[in-house]
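Shown next: my_file16.txt, containing compact mmCIF, C-alpha atoms.
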```txt
# COMPACT_ATOMS: atom_id res chain seq x y z
CA MET A 1 144.00 -90.88 259.02
CA ARG A 2 142.18 -93.86 260.50
CA TYR A 3 140.80 -95.25 257.25
CA ARG A 4 143.33 -94.07 254.64
CA PRO A 5 144.13 -97.62 253.37
CA ILE A 6 140.51 -98.23 252.34
CA LEU A 7 139.44 -94.76 251.17
CA GLU A 8 140.38 -95.35 247.54
CA SER A 9 138.12 -98.38 247.28
CA LEU A 10 135.21 -96.41 248.75
CA VAL A 11 135.29 -93.47 246.33
CA PRO A 12 133.25 -94.13 243.16
CA PRO A 13 134.99 -93.11 239.93
CA ASP A 14 134.24 -89.54 238.89
CA PRO A 15 131.42 -89.10 241.47
CA MET A 16 130.51 -85.59 240.41
CA SER A 17 129.72 -86.60 236.83
CA GLN A 18 127.88 -89.65 238.18
CA PHE A 19 125.39 -87.38 239.96
CA HIS A 20 125.43 -84.63 237.31
CA LEU A 21 126.49 -81.90 239.74
CA LYS A 22 127.87 -78.75 238.15
CA ARG A 23 130.25 -77.09 240.55
CA GLY A 24 133.30 -74.91 240.37
CA SER A 25 136.71 -75.74 241.79
CA PRO A 26 137.13 -76.40 245.54
CA ASP A 27 138.60 -72.91 245.99
CA GLU A 28 135.61 -71.37 244.18
CA GLU A 29 133.10 -73.40 246.21
CA PHE A 30 134.65 -72.97 249.67
CA PRO A 31 131.97 -71.46 251.96
CA ASP A 32 132.21 -68.19 253.85
CA LEU A 33 132.78 -69.19 257.49
CA CYS A 34 133.67 -65.77 258.93
CA ARG A 35 130.64 -65.56 261.23
CA ASN A 36 130.09 -69.29 261.68
CA SER A 37 130.51 -70.37 265.31
CA THR A 38 129.70 -74.09 264.90
CA TRP A 39 132.41 -76.73 265.25
CA MET A 40 132.19 -77.21 261.50
CA GLY A 41 132.91 -73.51 260.97
CA ARG A 42 135.82 -73.54 263.42
CA ILE A 43 137.44 -76.68 262.04
CA LEU A 44 136.92 -76.63 258.27
CA THR A 45 139.84 -75.18 256.29
CA PRO A 46 140.32 -74.70 252.52
CA ALA A 47 142.86 -77.55 252.50
CA MET A 48 140.47 -79.90 254.30
CA TYR A 49 137.63 -78.90 251.97
CA ARG A 50 139.79 -79.66 248.92
CA ARG A 51 140.55 -83.14 250.25
CA GLN A 52 136.83 -83.93 250.72
CA PHE A 53 135.52 -82.14 247.64
CA HIS A 54 135.52 -84.97 245.08
CA ARG A 55 134.53 -87.75 247.49
CA CYS A 56 131.08 -89.28 247.38
CA THR A 57 129.59 -92.19 249.32
CA HIS A 58 127.93 -95.06 247.50
CA SER A 59 124.49 -93.62 248.36
CA GLY A 60 125.39 -90.24 246.89
CA VAL A 61 126.40 -88.18 249.94
CA ILE A 62 128.94 -85.48 249.06
CA PHE A 63 130.79 -83.25 251.49
CA ASP A 64 128.55 -80.23 250.86
CA ASP A 65 125.63 -82.36 252.10
CA VAL A 66 127.58 -82.92 255.34
CA ILE A 67 128.32 -79.25 256.08
CA ARG A 68 125.17 -77.59 254.70
CA PRO A 69 123.25 -77.52 258.03
CA GLY A 70 126.04 -75.52 259.64
CA LEU A 71 126.23 -73.09 256.74
CA GLU A 72 122.55 -72.28 257.04
CA GLU A 73 122.67 -71.90 260.81
CA PRO A 74 125.76 -69.91 261.90
CA GLY A 75 125.16 -70.67 265.57
CA ASP A 76 124.87 -68.74 268.82
CA ARG A 77 128.24 -67.62 270.13
CA SER A 78 126.83 -67.16 273.64
CA GLY A 79 125.56 -70.74 274.03
CA PRO A 80 126.97 -74.25 273.64
CA VAL A 81 128.73 -74.83 270.34
CA SER A 82 126.71 -76.98 267.92
CA VAL A 83 128.41 -79.47 265.60
CA GLY A 84 127.06 -77.79 262.47
CA CYS A 85 127.14 -80.92 260.32
CA VAL A 86 125.34 -84.21 259.70
CA ALA A 87 126.20 -87.59 258.21
CA GLY A 88 123.99 -88.74 255.35
CA ASP A 89 124.91 -92.38 255.88
CA ALA A 90 127.24 -94.52 257.96
CA GLN A 91 129.92 -94.48 255.25
CA SER A 92 130.19 -90.70 255.67
CA TYR A 93 132.02 -91.24 258.97
CA ILE A 94 134.68 -93.26 257.08
CA LEU A 95 134.96 -91.32 253.84
CA PHE A 96 135.07 -87.91 255.54
CA CYS A 97 136.81 -89.14 258.69
CA ASP A 98 139.55 -86.49 258.78
CA PHE A 99 136.77 -83.91 259.15
CA PHE A 100 134.30 -85.84 261.32
CA ASP A 101 137.02 -87.06 263.70
CA ARG A 102 138.06 -83.51 264.51
CA VAL A 103 134.46 -82.36 265.02
CA ILE A 104 133.73 -85.33 267.30
CA GLU A 105 136.89 -84.81 269.36
CA ALA A 106 136.18 -81.07 269.76
CA HIS A 107 132.51 -81.47 270.66
CA HIS A 108 132.92 -84.39 273.08
CA GLU A 109 136.36 -83.33 274.38
CA HIS A 110 137.62 -86.87 273.94
CA LYS A 111 140.34 -88.23 271.68
CA ILE A 112 139.48 -90.92 269.13
CA THR A 113 141.84 -93.89 269.44
CA SER A 114 142.10 -97.39 268.05
CA GLN A 115 140.44 -98.72 271.20
CA THR A 116 136.78 -99.76 271.15
CA PRO A 117 134.62 -97.30 273.17
CA GLU A 118 133.58 -98.56 276.58
CA SER A 119 129.99 -99.75 276.95
CA ASP A 120 128.07 -100.59 280.12
CA PHE A 121 124.31 -101.26 280.15
CA ASN A 122 124.36 -102.86 283.58
CA TYR A 123 121.97 -100.47 285.32
CA ASP A 124 122.80 -102.07 288.68
CA ASN A 125 126.20 -100.36 288.44
CA LEU A 126 124.53 -96.95 288.75
CA LYS A 127 124.86 -95.43 292.23
CA GLY A 128 121.89 -93.38 293.34
CA GLY A 129 119.51 -91.77 290.89
CA GLY A 130 116.34 -92.74 292.70
CA ASP A 131 116.82 -90.47 295.71
CA LEU A 132 116.85 -86.93 294.29
CA ASP A 133 115.20 -84.20 296.38
CA LYS A 134 111.72 -83.95 294.85
CA SER A 135 111.33 -80.33 295.93
CA TYR A 136 113.99 -79.46 293.34
CA ALA A 137 114.02 -82.38 290.87
CA VAL A 138 110.67 -82.19 289.07
CA ARG A 139 110.95 -84.90 286.41
CA CYS A 140 113.54 -86.75 284.35
CA GLU A 141 114.02 -88.29 280.93
CA ALA A 142 116.40 -90.90 279.56
CA SER A 143 116.64 -91.24 275.79
CA VAL A 144 118.83 -93.05 273.30
CA VAL A 145 119.12 -92.96 269.50
CA ARG A 146 120.11 -95.71 267.07
CA GLY A 147 120.76 -96.04 263.35
CA VAL A 148 119.81 -99.19 261.42
CA ASP A 149 122.40 -100.84 259.17
CA ASP A 150 121.98 -100.79 255.37
CA PHE A 151 119.90 -97.59 255.36
CA CYS A 152 120.81 -93.94 254.85
CA PHE A 153 120.19 -91.68 257.83
CA PRO A 154 116.96 -89.59 257.82
CA THR A 155 118.83 -86.57 256.44
CA HIS A 156 119.46 -88.48 253.19
CA CYS A 157 117.11 -91.48 253.00
CA SER A 158 114.49 -92.02 250.30
CA ARG A 159 110.78 -92.64 250.74
CA GLY A 160 111.33 -96.32 249.99
CA GLU A 161 114.03 -96.63 252.65
CA ARG A 162 111.87 -94.83 255.18
CA ARG A 163 108.94 -97.15 254.50
CA HIS A 164 111.19 -100.19 254.78
CA LEU A 165 112.46 -98.88 258.14
CA LEU A 166 108.87 -98.48 259.34
CA SER A 167 108.15 -102.08 258.32
CA LEU A 168 111.15 -103.30 260.31
CA ALA A 169 110.09 -101.21 263.31
CA ARG A 170 106.58 -102.73 263.20
CA ARG A 171 108.05 -106.22 263.40
CA ALA A 172 110.59 -105.42 266.11
CA LEU A 173 108.14 -103.47 268.26
CA GLN A 174 105.58 -106.25 267.95
CA ARG A 175 108.20 -108.54 269.47
CA LEU A 176 108.63 -106.02 272.28
CA ASN A 177 104.86 -105.92 272.66
CA ASP A 178 104.78 -109.71 273.02
CA ASP A 179 107.65 -109.67 275.52
CA GLU A 180 105.95 -108.31 278.65
CA LEU A 181 105.71 -104.67 277.54
CA PRO A 182 102.42 -104.20 275.67
CA GLY A 183 102.07 -101.06 273.60
CA GLN A 184 100.65 -99.62 270.41
CA LEU A 185 102.19 -98.16 267.25
CA PHE A 186 100.63 -94.98 265.84
CA LEU A 187 101.38 -93.39 262.49
CA LEU A 188 101.83 -89.64 262.97
CA GLU A 189 99.25 -88.92 260.28
CA GLU A 190 96.68 -90.87 262.34
CA LEU A 191 97.16 -88.92 265.58
CA ASN A 192 94.44 -86.50 266.61
CA PRO A 193 95.29 -83.06 268.09
CA GLU A 194 94.87 -84.25 271.68
CA GLN A 195 97.27 -87.18 271.15
CA LYS A 196 99.80 -84.84 269.56
CA ARG A 197 99.62 -82.55 272.58
CA GLU A 198 100.12 -85.47 274.98
CA LEU A 199 103.21 -86.54 273.05
CA ASN A 200 104.49 -82.95 272.72
CA LEU A 201 104.53 -83.49 268.96
CA ASN A 202 104.98 -80.27 267.01
CA PRO A 203 105.20 -79.61 263.26
CA PRO A 204 108.70 -79.98 261.78
CA SER A 205 111.04 -77.24 262.97
CA SER A 206 113.01 -74.96 260.66
CA SER A 207 116.10 -76.97 261.58
CA GLN A 208 114.46 -80.27 260.62
CA LEU A 209 113.31 -78.79 257.34
CA ARG A 210 116.75 -77.36 256.70
CA ILE A 211 118.68 -80.61 257.18
CA GLY A 212 116.20 -82.74 255.27
CA VAL A 213 114.77 -85.01 257.96
CA ALA A 214 111.26 -83.65 257.37
CA ARG A 215 111.04 -84.57 253.68
CA ASP A 216 107.66 -86.11 252.73
CA TRP A 217 106.32 -85.33 256.22
CA PRO A 218 104.62 -87.21 257.84
CA ASP A 219 105.05 -90.21 255.52
CA SER A 220 106.25 -93.32 257.41
CA ARG A 221 106.83 -91.47 260.68
CA ALA A 222 105.43 -93.27 263.69
CA VAL A 223 105.50 -93.48 267.47
CA TRP A 224 105.10 -96.57 269.67
CA VAL A 225 103.77 -96.00 273.19
CA SER A 226 103.78 -98.59 275.96
CA LYS A 227 100.47 -99.01 277.76
CA ASP A 228 102.04 -98.23 281.14
CA GLY A 229 103.58 -95.03 279.74
CA SER A 230 107.10 -96.05 280.69
CA LEU A 231 108.50 -96.06 277.15
CA VAL A 232 108.00 -94.18 273.90
CA VAL A 233 109.78 -95.15 270.66
CA TRP A 234 109.93 -92.64 267.80
CA VAL A 235 110.45 -94.03 264.30
CA ASN A 236 111.93 -92.12 261.33
CA MET A 237 112.12 -88.75 263.02
CA GLU A 238 115.60 -87.17 263.31
CA ASP A 239 116.99 -90.69 263.72
CA HIS A 240 115.87 -94.16 262.67
CA LEU A 241 114.91 -94.96 266.26
CA ARG A 242 114.71 -92.92 269.44
CA LEU A 243 113.70 -94.53 272.73
CA VAL A 244 112.47 -92.25 275.52
CA SER A 245 111.59 -93.03 279.13
CA THR A 246 110.11 -90.15 281.13
CA ARG A 247 109.25 -90.15 284.83
CA ASP A 248 107.36 -87.52 286.81
CA ASP A 249 109.04 -88.66 290.04
CA ALA A 250 112.52 -87.77 288.69
CA ASN A 251 113.74 -91.33 289.32
CA ILE A 252 116.70 -91.43 286.93
CA ALA A 253 117.62 -94.96 287.97
CA GLU A 254 114.27 -96.37 286.83
CA ALA A 255 114.22 -94.37 283.60
CA PHE A 256 117.75 -95.56 282.76
CA LYS A 257 116.83 -99.16 283.63
CA CYS A 258 113.83 -99.00 281.28
CA ILE A 259 116.04 -97.78 278.43
CA CYS A 260 118.74 -100.39 279.05
CA ILE A 261 116.36 -103.35 279.14
CA ASN A 262 114.27 -102.43 276.11
CA LEU A 263 117.12 -101.13 273.96
CA GLN A 264 118.98 -104.41 274.35
CA LYS A 265 115.83 -106.34 273.43
CA LEU A 266 115.32 -104.24 270.31
CA GLU A 267 118.98 -104.66 269.41
CA ASP A 268 118.52 -108.44 269.47
CA PHE A 269 115.31 -108.24 267.43
CA TYR A 270 116.90 -106.07 264.74
CA ARG A 271 119.90 -108.38 264.56
CA GLU A 272 117.54 -111.31 263.97
CA LEU A 273 115.97 -109.26 261.16
CA ARG A 274 119.47 -108.96 259.63
CA HIS A 275 119.56 -105.20 260.11
CA PRO A 276 121.63 -104.60 263.26
CA PHE A 277 122.20 -101.18 264.77
CA ILE A 278 125.15 -99.29 263.25
CA TRP A 279 128.41 -99.64 265.18
CA LYS A 280 131.85 -98.29 264.24
CA GLN A 281 134.98 -99.69 265.87
CA GLN A 282 136.52 -96.38 266.99
CA LEU A 283 133.28 -94.42 267.47
CA GLY A 284 130.74 -96.81 268.97
CA TRP A 285 127.09 -96.35 267.98
CA VAL A 286 126.63 -93.80 265.19
CA THR A 287 123.61 -91.90 263.87
CA SER A 288 123.19 -88.84 261.68
CA SER A 289 124.61 -86.34 264.19
CA PRO A 290 128.23 -86.41 265.40
CA ALA A 291 126.85 -84.99 268.66
CA ASP A 292 125.30 -88.41 269.41
CA VAL A 293 128.12 -90.83 268.53
CA GLY A 294 129.43 -93.25 271.13
CA THR A 295 126.39 -94.05 273.27
CA GLY A 296 123.62 -91.94 271.74
CA LEU A 297 122.41 -91.50 275.33
CA ARG A 298 120.87 -88.37 276.85
CA ILE A 299 119.92 -88.05 280.51
CA ARG A 300 117.85 -84.97 281.34
CA VAL A 301 116.55 -83.74 284.69
CA HIS A 302 114.14 -80.85 285.13
CA LEU A 303 115.35 -78.81 288.11
CA ARG A 304 113.59 -76.03 289.99
CA LEU A 305 116.29 -73.44 290.79
CA GLN A 306 116.11 -69.77 291.82
CA HIS A 307 119.52 -68.75 293.16
CA LEU A 308 122.17 -70.85 291.39
CA PRO A 309 121.36 -69.69 287.82
CA GLN A 310 122.46 -66.17 288.81
CA HIS A 311 125.74 -67.25 290.41
CA LYS A 312 128.87 -65.88 288.75
CA ARG A 313 130.65 -69.26 288.78
CA LEU A 314 127.78 -71.30 287.30
CA GLN A 315 129.31 -71.85 283.85
CA ASP A 316 132.63 -72.90 285.36
CA ILE A 317 130.84 -75.33 287.69
CA LEU A 318 128.87 -76.88 284.81
CA LYS A 319 132.04 -77.30 282.75
CA ARG A 320 133.78 -79.03 285.64
CA LEU A 321 130.80 -81.36 286.09
CA ARG A 322 130.63 -82.00 282.31
CA ILE A 323 126.93 -81.22 282.21
CA ARG A 324 124.85 -78.43 280.67
CA MET A 325 121.92 -76.42 281.96
CA ASP A 326 119.32 -74.89 279.64
CA LYS A 327 116.47 -72.50 280.32
CA THR A 328 112.85 -73.49 279.83
CA GLU A 329 109.73 -71.41 279.32
CA SER A 330 109.33 -71.33 283.10
CA PRO A 331 111.73 -68.79 284.68
CA ALA A 332 112.63 -71.06 287.61
CA LEU A 333 112.79 -74.40 285.74
CA TYR A 334 115.93 -75.66 284.01
CA HIS A 335 116.96 -78.73 282.01
CA VAL A 336 120.19 -80.36 283.21
CA SER A 337 121.75 -82.98 280.93
CA ASN A 338 125.02 -84.59 279.87
CA MET A 339 127.25 -82.58 277.53
CA ALA A 340 128.85 -85.49 275.67
CA THR A 341 127.82 -88.97 274.55
CA PHE A 342 131.28 -90.19 273.54
CA GLY A 343 134.21 -91.25 275.73
CA VAL A 344 132.22 -92.49 278.73
CA SER A 345 130.03 -95.60 279.11
CA GLU A 346 126.25 -95.47 279.42
CA VAL A 347 126.40 -95.98 283.18
CA GLY A 348 129.23 -93.45 283.43
CA LEU A 349 127.26 -90.75 281.60
CA THR A 350 124.19 -91.35 283.74
CA GLN A 351 126.34 -91.21 286.87
CA LEU A 352 127.76 -87.84 285.78
CA VAL A 353 124.24 -86.40 285.59
CA VAL A 354 123.10 -87.98 288.86
CA ASP A 355 126.14 -86.69 290.77
CA GLY A 356 125.97 -83.32 289.05
CA VAL A 357 122.30 -82.80 289.83
CA LYS A 358 122.82 -83.70 293.48
CA LEU A 359 125.64 -81.17 293.73
CA LEU A 360 123.60 -78.44 292.02
CA ILE A 361 120.76 -79.05 294.49
CA ALA A 362 123.19 -78.85 297.42
CA MET A 363 124.52 -75.55 296.08
CA GLU A 364 121.01 -74.17 295.59
CA LYS A 365 120.15 -74.99 299.21
CA ARG A 366 123.26 -73.20 300.46
CA LEU A 367 122.56 -70.11 298.39
CA LYS A 368 118.97 -70.10 299.60
CA ASP A 369 120.29 -69.94 303.18
CA GLY A 370 122.68 -67.12 302.23
CA ARG A 371 125.78 -69.31 302.52
CA ASP A 372 128.83 -69.64 300.27
CA ILE A 373 129.29 -72.53 297.81
CA ASP A 374 133.03 -72.24 297.04
CA GLU A 375 133.95 -75.32 299.03
CA LEU A 376 131.43 -77.38 297.03
CA VAL A 377 132.92 -76.47 293.63
CA PRO A 378 134.54 -79.64 292.25
CA THR A 379 138.00 -79.93 290.77
CA GLN A 380 138.24 -80.07 286.99
CA LYS A 381 137.21 -83.51 285.68
```
Transcribe the structure of this file into structure tokens.
Amino acid sequence: MRYRPILESLVPPDPMSQFHLKRGSPDEEFPDLCRNSTWMGRILTPAMYRRQFHRCTHSGVIFDDVIRPGLEEPGDRSGPVSVGCVAGDAQSYILFCDFFDRVIEAHHEHKITSQTPESDFNYDNLKGGGDLDKSYAVRCEASVVRGVDDFCFPTHCSRGERRHLLSLARRALQRLNDDELPGQLFLLEELNPEQKRELNLNPPSSSQLRIGVARDWPDSRAVWVSKDGSLVVWVNMEDHLRLVSTRDDANIAEAFKCICINLQKLEDFYRELRHPFIWKQQLGWVTSSPADVGTGLRIRVHLRLQHLPQHKRLQDILKRLRIRMDKTESPALYHVSNMATFGVSEVGLTQLVVDGVKLLIAMEKRLKDGRDIDELVPTQK
């Protein structure tokens, strides 16, 4: 176990009595996982549950808080496997590391080692990304999430913490506003219906309600929008911060550049405010979801495809490319994005999507002409 030498000092004495929780024994409380297809459901065993059962972080997160989202949402066996768990605070990744490590390794298909995860925000190292065929690539989005040190994650934070986080965001985003990227911060409760539609802002989903991130909605939730429309920053939603850059010309290179530049500026501002972004030595950047550890980066391209989605080898091709493809409301429009966020640098993940999208477009063109695509199928990465 990575953190075994320090676990004893992290566990408060008699945590269950401290929080007045009346529970049975670990064997009596072990959940029914028979139909659960999440990574949590596949990995959690009675022995592992017993080891975590009496542990509690300093902010009051117990192991049942971690696994509850997966218990209430068994998962879709036909689609990608969800992690089925959340961290209530940064300490959760240490205290429950023998569980979280296995979930992270399974979801991201990358082994956790003692080495510090690779990081690369030098957008000039990206090859291509601004030359996608516009007849297929409709638009793109680059987004990244960050957690702020000394605060519980949105799944577990209090109203006071959330309001403090909003105050910090105001100060940091004002610095960004003064630094050649003017914009405006809006509280969600102040947005009119038209503004909500423009931002694709919907009421809290059943999933958000279930995992607790929508408590006291919309108190202290906000969105900052740059005047040129190049950057949107969400505050206190599913994560402390989420930066999004969307482009209608599908120029991934420019969207990624926008994220890199402004994320690094915000990182410096938060460090000056004595609340740096949360970083763990073996995991990289961490937030509430194990699905986002490492880089927290998502690159998404909207592709117009008609023939490839019906091809019998599509799932094998996507697995080899380490990307995923999801349906949209439009029958011929698909979202293509990176599968993992851990084990590859920021530039590396973006390059995977760029190269993968180009190959998918090449395959679509061949199928459109009635030709075979077998010779284009890549070797397993």
Just want the 7 Å neighbourhood of region 96-102 of chain A, counted on all atoms listed in the file, with same-chain residues fewer than 3 positions away dropped. Output as an mmCIF file with C-alpha atoms, in the coordinates of the input.
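Okay, part.cif is ready:
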```cif
data_model
loop_
_atom_site.group_PDB
_atom_site.id
_atom_site.type_symbol
_atom_site.label_atom_id
_atom_site.label_comp_id
_atom_site.auth_asym_id
_atom_site.auth_seq_id
_atom_site.Cartn_x
_atom_site.Cartn_y
_atom_site.Cartn_z
ATOM 1 C CA MET A 1 144.000 -90.880 259.020
ATOM 2 C CA GLN A 52 136.830 -83.930 250.720
ATOM 3 C CA SER A 92 130.190 -90.700 255.670
ATOM 4 C CA TYR A 93 132.020 -91.240 258.970
ATOM 5 C CA GLU A 105 136.890 -84.810 269.360
ATOM 6 C CA ALA A 106 136.180 -81.070 269.760
#
```
Handout entry: Test item: residues at most 8 Å from region 140-149 of chain A, all atoms listed in the file, excluding those fewer than 6 positions along its chain, as a PyMOL selection string
Key = chain A and resi 239-252+255-256+259+275-278+285-288+292+295-302
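Counting only C-alpha atoms, the residue from A:Phe63, A:Tyr49, A:Trp234, A:Phe30 that sits nearest to Val86 (chain A) is A:Phe63.
Ranking A:Leu352, A:Val344, A:Leu308, A:Leu283 by their shortest atom-to-atom distance to Arg322 (chain A), with all atoms listed in the file included, puts A:Leu352 first.
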Exercise for the section: May I have the residues at most 12 Å from (131.0, -72.5, 293.5) in the file's coordinates, counting only C-alpha atoms, as a PyMOL selection string? Expected result: chain A and resi 308-321+359-360+362-364+366-367+371-379
Save the residues we just selected, C-alpha atoms, as a compact mmCIF listing (two decimals), keeping the file's coordinate frame?
```txt
# COMPACT_ATOMS: atom_id res chain seq x y z
CA LEU A 308 122.17 -70.85 291.39
CA PRO A 309 121.36 -69.69 287.82
CA GLN A 310 122.46 -66.17 288.81
CA HIS A 311 125.74 -67.25 290.41
CA LYS A 312 128.87 -65.88 288.75
CA ARG A 313 130.65 -69.26 288.78
CA LEU A 314 127.78 -71.30 287.30
CA GLN A 315 129.31 -71.85 283.85
CA ASP A 316 132.63 -72.90 285.36
CA ILE A 317 130.84 -75.33 287.69
CA LEU A 318 128.87 -76.88 284.81
CA LYS A 319 132.04 -77.30 282.75
CA ARG A 320 133.78 -79.03 285.64
CA LEU A 321 130.80 -81.36 286.09
CA LEU A 359 125.64 -81.17 293.73
CA LEU A 360 123.60 -78.44 292.02
CA ALA A 362 123.19 -78.85 297.42
CA MET A 363 124.52 -75.55 296.08
CA GLU A 364 121.01 -74.17 295.59
CA ARG A 366 123.26 -73.20 300.46
CA LEU A 367 122.56 -70.11 298.39
CA ARG A 371 125.78 -69.31 302.52
CA ASP A 372 128.83 -69.64 300.27
CA ILE A 373 129.29 -72.53 297.81
CA ASP A 374 133.03 -72.24 297.04
CA GLU A 375 133.95 -75.32 299.03
CA LEU A 376 131.43 -77.38 297.03
CA VAL A 377 132.92 -76.47 293.63
CA PRO A 378 134.54 -79.64 292.25
CA THR A 379 138.00 -79.93 290.77
```
Exercise for the section: Between A:Arg23, A:Arg274, A:Arg171, A:Lys358, single out the one closest to Asp64 (chain A), counting all atoms listed in the file. Expected result: A:Arg23
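Reported to one decimal place, the separation of CA of Glu198 (chain A) from CA of His335 (chain A) is 19.5 Å.
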Handout entry: All residues 12 Å or closer to Arg210 (chain A), only C-alpha atoms, same chain fewer than 3 positions away omitted, as JSON, numbers by chain
Key = {"A": [65, 67, 68, 69, 70, 71, 72, 73, 84, 85, 86, 155, 156, 204, 205, 206, 207, 213, 214, 215, 238]}
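Here CA of Ser37 (chain A) and CA of Val83 (chain A) stand 9.3 Å from one another.
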If we count only C-alpha atoms, what is near Val336 (chain A) at a cut-off of 8 Å, once residues fewer than 4 positions away on the same chain are taken out, given as an mmCIF file with C-alpha atoms, in the frame of the given file?
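Written out: around_0.cif:
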```cif
data_model
loop_
_atom_site.group_PDB
_atom_site.id
_atom_site.type_symbol
_atom_site.label_atom_id
_atom_site.label_comp_id
_atom_site.auth_asym_id
_atom_site.auth_seq_id
_atom_site.Cartn_x
_atom_site.Cartn_y
_atom_site.Cartn_z
ATOM 1 C CA ARG A 300 117.850 -84.970 281.340
ATOM 2 C CA VAL A 301 116.550 -83.740 284.690
ATOM 3 C CA HIS A 302 114.140 -80.850 285.130
ATOM 4 C CA LEU A 303 115.350 -78.810 288.110
ATOM 5 C CA ILE A 323 126.930 -81.220 282.210
ATOM 6 C CA ARG A 324 124.850 -78.430 280.670
ATOM 7 C CA MET A 325 121.920 -76.420 281.960
ATOM 8 C CA ASP A 326 119.320 -74.890 279.640
ATOM 9 C CA VAL A 353 124.240 -86.400 285.590
ATOM 10 C CA VAL A 357 122.300 -82.800 289.830
#
```
Problem - Contacts of Asp219 (chain A) at 12 Å (only C-alpha atoms; same-chain gap of 2+ positions) as a list of chain:residue names - result: A:Ser158, A:Arg159, A:Gly160, A:Glu161, A:Arg162, A:Arg163, A:His164, A:Leu165, A:Leu166, A:Leu187, A:Leu188, A:Glu189, A:Glu190, A:Val213, A:Ala214, A:Arg215, A:Asp216, A:Trp217, A:Arg221, A:Ala222, A:Val235, A:Asn236, A:Met237
Could you save those same residues with C-alpha atoms as a PDB file, in the frame of the given file?
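Saved file again-v4.pdb follows:
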```
ATOM      1  CA  SER A 158     114.490 -92.020 250.300  1.00  0.00           C
ATOM      2  CA  ARG A 159     110.780 -92.640 250.740  1.00  0.00           C
ATOM      3  CA  GLY A 160     111.330 -96.320 249.990  1.00  0.00           C
ATOM      4  CA  GLU A 161     114.030 -96.630 252.650  1.00  0.00           C
ATOM      5  CA  ARG A 162     111.870 -94.830 255.180  1.00  0.00           C
ATOM      6  CA  ARG A 163     108.940 -97.150 254.500  1.00  0.00           C
ATOM      7  CA  HIS A 164     111.190-100.190 254.780  1.00  0.00           C
ATOM      8  CA  LEU A 165     112.460 -98.880 258.140  1.00  0.00           C
ATOM      9  CA  LEU A 166     108.870 -98.480 259.340  1.00  0.00           C
ATOM     10  CA  LEU A 187     101.380 -93.390 262.490  1.00  0.00           C
ATOM     11  CA  LEU A 188     101.830 -89.640 262.970  1.00  0.00           C
ATOM     12  CA  GLU A 189      99.250 -88.920 260.280  1.00  0.00           C
ATOM     13  CA  GLU A 190      96.680 -90.870 262.340  1.00  0.00           C
ATOM     14  CA  VAL A 213     114.770 -85.010 257.960  1.00  0.00           C
ATOM     15  CA  ALA A 214     111.260 -83.650 257.370  1.00  0.00           C
ATOM     16  CA  ARG A 215     111.040 -84.570 253.680  1.00  0.00           C
ATOM     17  CA  ASP A 216     107.660 -86.110 252.730  1.00  0.00           C
ATOM     18  CA  TRP A 217     106.320 -85.330 256.220  1.00  0.00           C
ATOM     19  CA  ARG A 221     106.830 -91.470 260.680  1.00  0.00           C
ATOM     20  CA  ALA A 222     105.430 -93.270 263.690  1.00  0.00           C
ATOM     21  CA  VAL A 235     110.450 -94.030 264.300  1.00  0.00           C
ATOM     22  CA  ASN A 236     111.930 -92.120 261.330  1.00  0.00           C
ATOM     23  CA  MET A 237     112.120 -88.750 263.020  1.00  0.00           C
TER      24      MET A 237
END
```
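Near (129.4, -85.3, 264.3), the residues inside the 6 Å limit, counting all atoms listed in the file, come to Phe100, Val103, Ile104, Ser289, Pro290 and Ala291 of chain A.
Interatomic distance, CA of Pro46 (chain A) to CA of Gly24 (chain A): 14.0 Å.
The residue that comes closest to Asp268 (chain A), out of A:Val354, A:Arg175, A:Asn202, A:Ile211 and on the basis of all atoms listed in the file, is A:Arg175.
Counting all atoms listed in the file and comparing A:Arg42, A:Lys196, A:Arg50, A:Arg304, the residue that lies closest to Glu29 (chain A) is A:Arg50.
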